[in-house]
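Please read the structure below before turning to the comments.
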Amino acid sequence: CAPRAGAPLPPDVSLVVSAAGGVKDAFVWIKDGLPRGKYAMPAEALIVDQRACEFEARVIGVRVGQSVTFLNSDPILHNVHGFQSGKDVFNFALPTAGNKATKRFKRSEIMARIMCDVHPWMRGFAGVVPHPFFAVTRADGAFAIGGLPAGTYTVEVWHERLARTEHQVMVTEGEKSEIALGLELAPPKP
C-alpha cells in the first residue's frame with residue numbers, strides 16, 4: 001500500500017458525509033451531568049484493525065483502562081504509535097499479517113491520536129472516557145447512547161475536521177430522546 005513514486009495517496013477519509021448530510025466518525029460523549037459512580041468495564045478487548053492501509057475503525061470510544069487489541073491484517077509492516085496530550089503512550093511494530101498486540105489508555109482524553117509511522121496517512125483517534133456513555137457516528141451520521149439515567153446532560157461532539165460542539169439534552173426515565181447535532185467546519189489552524 002506504499003505509494004510508488006508519482007502514484008496518488010489513498011483517498012482522504014477524514015471527512016465522510018452521507019447523501020442526507022450525516023457525518024461519519026464523530027465521537028459523541030456525555031461530558032457532564034452523570035451521577036457519580038462506578039461503571040462495569042467491558043470484559044472483551046476492543047479491536048482496531050490495520051486493513052488496506054487504514055485503521056478500522058478510524059475513530060473509537062474506549063474506557064480508561066479498557067483493553068484495545070491492535071491487529072495487522074495487511075501482508076506488510078505497520079506500526080501503532082499512540083499519543084495522549086502530545087506524548088507517546090505506546091509505539092510498537094506489527095510486521096506481518098496476523099500480528100497483534102493489546103494496550104490500554106491510562107487516562108481520559110478527547111481525543112488520543114493513533115498513527116502508523118510507516119504510512120503517514122494512516123491515522124486513528126480514541127475518545128478515552130471513564131464511563132460507558134459514548135458513541136461513534138455511523139456512515140449515516142446516526143448514533144445511540146443507551147442506559148442513561150434520567151437527567152440533564154452536556155453532550156459533546158468531536159470530529160477531526162469539524163468544530164467541537166456541545167449540546168444540552170434532557171433524558172426522561174423510560175423514554176427515548178432524540179437530538180440532532182449540528183457540526184461546522186473547524187477554523188483553520190495557524
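If you're wondering about the labels, chains in the C-alpha cells are A, B, ... by order shown, residues count from 1 in each chain, ligands from 1 in order shown.
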Leaving out Pro132 in chain A and any residue of its chain fewer than 3 positions from it, which residues lie within 9 Å of it when counting only C-alpha atoms, given as a compact mmCIF listing (two decimals) with N, CA and C atoms, in the first residue's frame?
```txt
# COMPACT_ATOMS: atom_id res chain seq x y z
N TRP A 29 -20.12 12.03 23.25
CA TRP A 29 -19.99 11.51 24.61
C TRP A 29 -20.68 12.43 25.61
N TYR A 39 -18.73 2.23 36.93
CA TYR A 39 -19.40 1.57 35.81
C TYR A 39 -18.59 0.35 35.42
N ALA A 40 -19.26 -0.77 35.20
CA ALA A 40 -18.58 -2.03 34.86
C ALA A 40 -17.74 -1.85 33.59
N MET A 41 -16.55 -2.44 33.62
CA MET A 41 -15.62 -2.39 32.48
C MET A 41 -15.97 -3.53 31.52
N PRO A 42 -15.97 -3.27 30.22
CA PRO A 42 -16.19 -4.37 29.26
C PRO A 42 -15.13 -5.45 29.43
N GLY A 61 -14.33 4.76 20.66
CA GLY A 61 -14.54 5.18 22.03
C GLY A 61 -14.09 4.04 22.92
N VAL A 62 -13.37 4.36 23.97
CA VAL A 62 -12.81 3.34 24.84
C VAL A 62 -12.78 3.87 26.26
N ARG A 63 -12.93 3.00 27.19
CA ARG A 63 -12.88 3.35 28.60
C ARG A 63 -11.43 3.44 29.07
N VAL A 129 -12.63 7.71 27.87
CA VAL A 129 -13.51 8.27 28.89
C VAL A 129 -13.67 7.30 30.07
N ALA A 135 -20.56 7.23 21.95
CA ALA A 135 -20.82 6.53 20.69
C ALA A 135 -19.98 7.18 19.60
N ILE A 145 -26.76 6.27 22.41
CA ILE A 145 -26.14 6.09 23.72
C ILE A 145 -27.23 5.56 24.63
```
Discussion item. Could you list, as a ChimeraX atom specification, every residue within 9 Å of Phe90 in chain A, counting only C-alpha atoms and ignoring same-chain residues fewer than 6 positions away?
Written reply: /A:80-83,103
Worksheet item: Taking the backbone alone, and naming residues the way the document does, which bits of range 10-183 of chain A are strand (DSSP E) by DSSP, as a PyMOL selection string?
Response: chain A and resi 27-32+46-51+54-56+59-63+67-72+78-84+87-94+100-104+109-115+123-129+134-136+151-159+162-171
Can you write out the residues you just picked, keeping C-alpha atoms, as a PDB file, in the first residue's frame?
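After the write, again_14.pdb holds the following:
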```pdb
ATOM      1  CA  PHE A  27     -17.230  10.936  18.679  1.00  0.00           C
ATOM      2  CA  VAL A  28     -20.267  11.742  20.847  1.00  0.00           C
ATOM      3  CA  TRP A  29     -19.991  11.511  24.610  1.00  0.00           C
ATOM      4  CA  ILE A  30     -21.613  12.645  27.843  1.00  0.00           C
ATOM      5  CA  LYS A  31     -19.280  15.362  29.068  1.00  0.00           C
ATOM      6  CA  ASP A  32     -21.192  16.483  32.148  1.00  0.00           C
ATOM      7  CA  LEU A  46     -11.900  -3.527  21.559  1.00  0.00           C
ATOM      8  CA  ILE A  47     -10.373  -4.464  18.163  1.00  0.00           C
ATOM      9  CA  VAL A  48      -8.673  -1.922  15.880  1.00  0.00           C
ATOM     10  CA  ASP A  49      -7.502  -3.475  12.614  1.00  0.00           C
ATOM     11  CA  GLN A  50      -4.926  -2.217  10.130  1.00  0.00           C
ATOM     12  CA  ARG A  51      -6.500  -3.259   6.843  1.00  0.00           C
ATOM     13  CA  GLU A  54      -6.179   2.296   7.055  1.00  0.00           C
ATOM     14  CA  PHE A  55      -7.234   1.922  10.673  1.00  0.00           C
ATOM     15  CA  GLU A  56     -10.573   0.139  11.021  1.00  0.00           C
ATOM     16  CA  VAL A  59     -12.471   6.592  15.469  1.00  0.00           C
ATOM     17  CA  ILE A  60     -13.142   4.571  18.603  1.00  0.00           C
ATOM     18  CA  GLY A  61     -14.544   5.175  22.032  1.00  0.00           C
ATOM     19  CA  VAL A  62     -12.812   3.340  24.837  1.00  0.00           C
ATOM     20  CA  ARG A  63     -12.875   3.354  28.603  1.00  0.00           C
ATOM     21  CA  SER A  67      -8.023  -3.384  26.591  1.00  0.00           C
ATOM     22  CA  VAL A  68      -7.586  -2.408  22.934  1.00  0.00           C
ATOM     23  CA  THR A  69      -6.180  -5.066  20.612  1.00  0.00           C
ATOM     24  CA  PHE A  70      -4.407  -3.719  17.538  1.00  0.00           C
ATOM     25  CA  LEU A  71      -4.278  -6.175  14.632  1.00  0.00           C
ATOM     26  CA  ASN A  72      -2.403  -6.120  11.312  1.00  0.00           C
ATOM     27  CA  HIS A  78       2.698  -1.465  10.080  1.00  0.00           C
ATOM     28  CA  ASN A  79       3.247   0.065  13.462  1.00  0.00           C
ATOM     29  CA  VAL A  80       0.935   1.565  16.051  1.00  0.00           C
ATOM     30  CA  HIS A  81       2.025   4.810  17.682  1.00  0.00           C
ATOM     31  CA  GLY A  82      -0.340   6.176  20.336  1.00  0.00           C
ATOM     32  CA  PHE A  83      -0.249   9.693  21.788  1.00  0.00           C
ATOM     33  CA  GLN A  84      -2.058  11.376  24.656  1.00  0.00           C
ATOM     34  CA  LYS A  87       3.250  12.432  24.439  1.00  0.00           C
ATOM     35  CA  ASP A  88       3.972   8.833  23.434  1.00  0.00           C
ATOM     36  CA  VAL A  89       1.909   6.238  25.301  1.00  0.00           C
ATOM     37  CA  PHE A  90       2.904   3.274  23.129  1.00  0.00           C
ATOM     38  CA  ASN A  91       4.825   2.615  19.923  1.00  0.00           C
ATOM     39  CA  PHE A  92       5.246  -0.896  18.525  1.00  0.00           C
ATOM     40  CA  ALA A  93       5.602  -2.757  15.231  1.00  0.00           C
ATOM     41  CA  LEU A  94       3.173  -5.247  13.735  1.00  0.00           C
ATOM     42  CA  LYS A 100      -1.482  -8.240  17.176  1.00  0.00           C
ATOM     43  CA  ALA A 101      -0.814  -6.529  20.484  1.00  0.00           C
ATOM     44  CA  THR A 102      -3.064  -5.347  23.298  1.00  0.00           C
ATOM     45  CA  LYS A 103      -2.630  -1.966  25.001  1.00  0.00           C
ATOM     46  CA  ARG A 104      -4.563   0.317  27.367  1.00  0.00           C
ATOM     47  CA  GLU A 109      -8.623  12.378  26.814  1.00  0.00           C
ATOM     48  CA  ILE A 110     -10.745  13.637  23.942  1.00  0.00           C
ATOM     49  CA  MET A 111      -9.031  12.662  21.639  1.00  0.00           C
ATOM     50  CA  ALA A 112      -5.958  10.440  21.830  1.00  0.00           C
ATOM     51  CA  ARG A 113      -4.182  10.047  18.470  1.00  0.00           C
ATOM     52  CA  ILE A 114      -3.107   6.795  16.840  1.00  0.00           C
ATOM     53  CA  MET A 115      -0.748   6.700  13.840  1.00  0.00           C
ATOM     54  CA  ARG A 123      -4.499   7.950  11.417  1.00  0.00           C
ATOM     55  CA  GLY A 124      -6.957   6.976  14.076  1.00  0.00           C
ATOM     56  CA  PHE A 125      -8.428   8.612  17.145  1.00  0.00           C
ATOM     57  CA  ALA A 126      -9.625   7.329  20.516  1.00  0.00           C
ATOM     58  CA  GLY A 127     -12.085   9.068  22.804  1.00  0.00           C
ATOM     59  CA  VAL A 128     -10.882   7.807  26.184  1.00  0.00           C
ATOM     60  CA  VAL A 129     -13.513   8.266  28.894  1.00  0.00           C
ATOM     61  CA  PHE A 134     -20.393   7.471  24.353  1.00  0.00           C
ATOM     62  CA  ALA A 135     -20.818   6.529  20.688  1.00  0.00           C
ATOM     63  CA  VAL A 136     -19.194   6.980  17.291  1.00  0.00           C
ATOM     64  CA  GLY A 151     -31.302  13.846  33.970  1.00  0.00           C
ATOM     65  CA  THR A 152     -29.895  16.785  32.061  1.00  0.00           C
ATOM     66  CA  TYR A 153     -26.584  16.256  30.316  1.00  0.00           C
ATOM     67  CA  THR A 154     -23.960  18.101  28.344  1.00  0.00           C
ATOM     68  CA  VAL A 155     -23.254  16.129  25.176  1.00  0.00           C
ATOM     69  CA  GLU A 156     -20.026  16.931  23.351  1.00  0.00           C
ATOM     70  CA  VAL A 157     -19.343  16.068  19.721  1.00  0.00           C
ATOM     71  CA  TRP A 158     -15.809  15.830  18.344  1.00  0.00           C
ATOM     72  CA  HIS A 159     -14.739  15.297  14.734  1.00  0.00           C
ATOM     73  CA  LEU A 162     -15.137  19.849  12.285  1.00  0.00           C
ATOM     74  CA  ALA A 163     -15.518  22.228  15.201  1.00  0.00           C
ATOM     75  CA  ARG A 164     -16.147  20.639  18.593  1.00  0.00           C
ATOM     76  CA  THR A 165     -19.698  21.351  19.777  1.00  0.00           C
ATOM     77  CA  GLU A 166     -21.684  20.967  22.989  1.00  0.00           C
ATOM     78  CA  HIS A 167     -25.423  20.434  23.369  1.00  0.00           C
ATOM     79  CA  GLN A 168     -27.750  20.157  26.344  1.00  0.00           C
ATOM     80  CA  VAL A 169     -30.126  17.191  26.378  1.00  0.00           C
ATOM     81  CA  MET A 170     -32.764  16.116  28.872  1.00  0.00           C
ATOM     82  CA  VAL A 171     -33.400  12.398  29.326  1.00  0.00           C
TER      83      VAL A 171
END
```
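Put simply, CA of Ala139 in chain A is 24.3 Å away from CA of His119 in chain A.
Distances here use only C-alpha atoms; by that measure, the residue among A:Phe105, A:Leu34, A:Val64, A:Val23 closest to Gly147 in chain A is A:Leu34.
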Worksheet item: If we count only C-alpha atoms, what is near Gly146 in chain A at a cut-off of 8 Å, once residues fewer than 2 positions away on the same chain are taken out, given as a ChimeraX atom specification?
Response: /A:133,144,148
Item to complete: Identify, on the basis of only C-alpha atoms, every residue whose closest approach to Pro75 in chain A does not exceed 9 Å; exclude the query and any residue fewer than 4 positions from it along the same chain; express the result as a PyMOL selection string.
Response: chain A and resi 95-98
Discussion item. Which residues are near Glu160 in chain A? Cut-off 8 Å, only C-alpha atoms, ignore same chain within fewer than 3 positions. Put them as a list in words.
Written reply: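 The contact residues come out as Ser14, Leu15 and Ala26 of chain A.
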Go ahead and write the residues just picked, all heavy atoms, as a short mmCIF file (atom, residue, chain, number, x, y, z; two decimals), in the first residue's frame.
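Produced file selection_37.cif, reproduced below:
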```
data_model
loop_
_atom_site.label_atom_id
_atom_site.label_comp_id
_atom_site.auth_asym_id
_atom_site.auth_seq_id
_atom_site.Cartn_x
_atom_site.Cartn_y
_atom_site.Cartn_z
N SER A 14 -10.96 11.42 5.99
CA SER A 14 -11.07 12.17 7.24
C SER A 14 -12.41 12.88 7.40
O SER A 14 -12.77 13.25 8.50
CB SER A 14 -9.93 13.19 7.36
OG SER A 14 -10.02 14.15 6.33
N LEU A 15 -13.17 13.06 6.32
CA LEU A 15 -14.50 13.66 6.41
C LEU A 15 -15.40 12.95 5.41
O LEU A 15 -15.28 13.16 4.21
CB LEU A 15 -14.46 15.16 6.13
CG LEU A 15 -15.81 15.89 6.21
CD1 LEU A 15 -16.47 15.71 7.58
CD2 LEU A 15 -15.64 17.37 5.89
N ALA A 26 -17.83 10.79 13.97
CA ALA A 26 -17.82 11.81 15.02
C ALA A 26 -17.94 11.08 16.36
O ALA A 26 -18.69 10.11 16.48
CB ALA A 26 -18.98 12.79 14.83
#
```
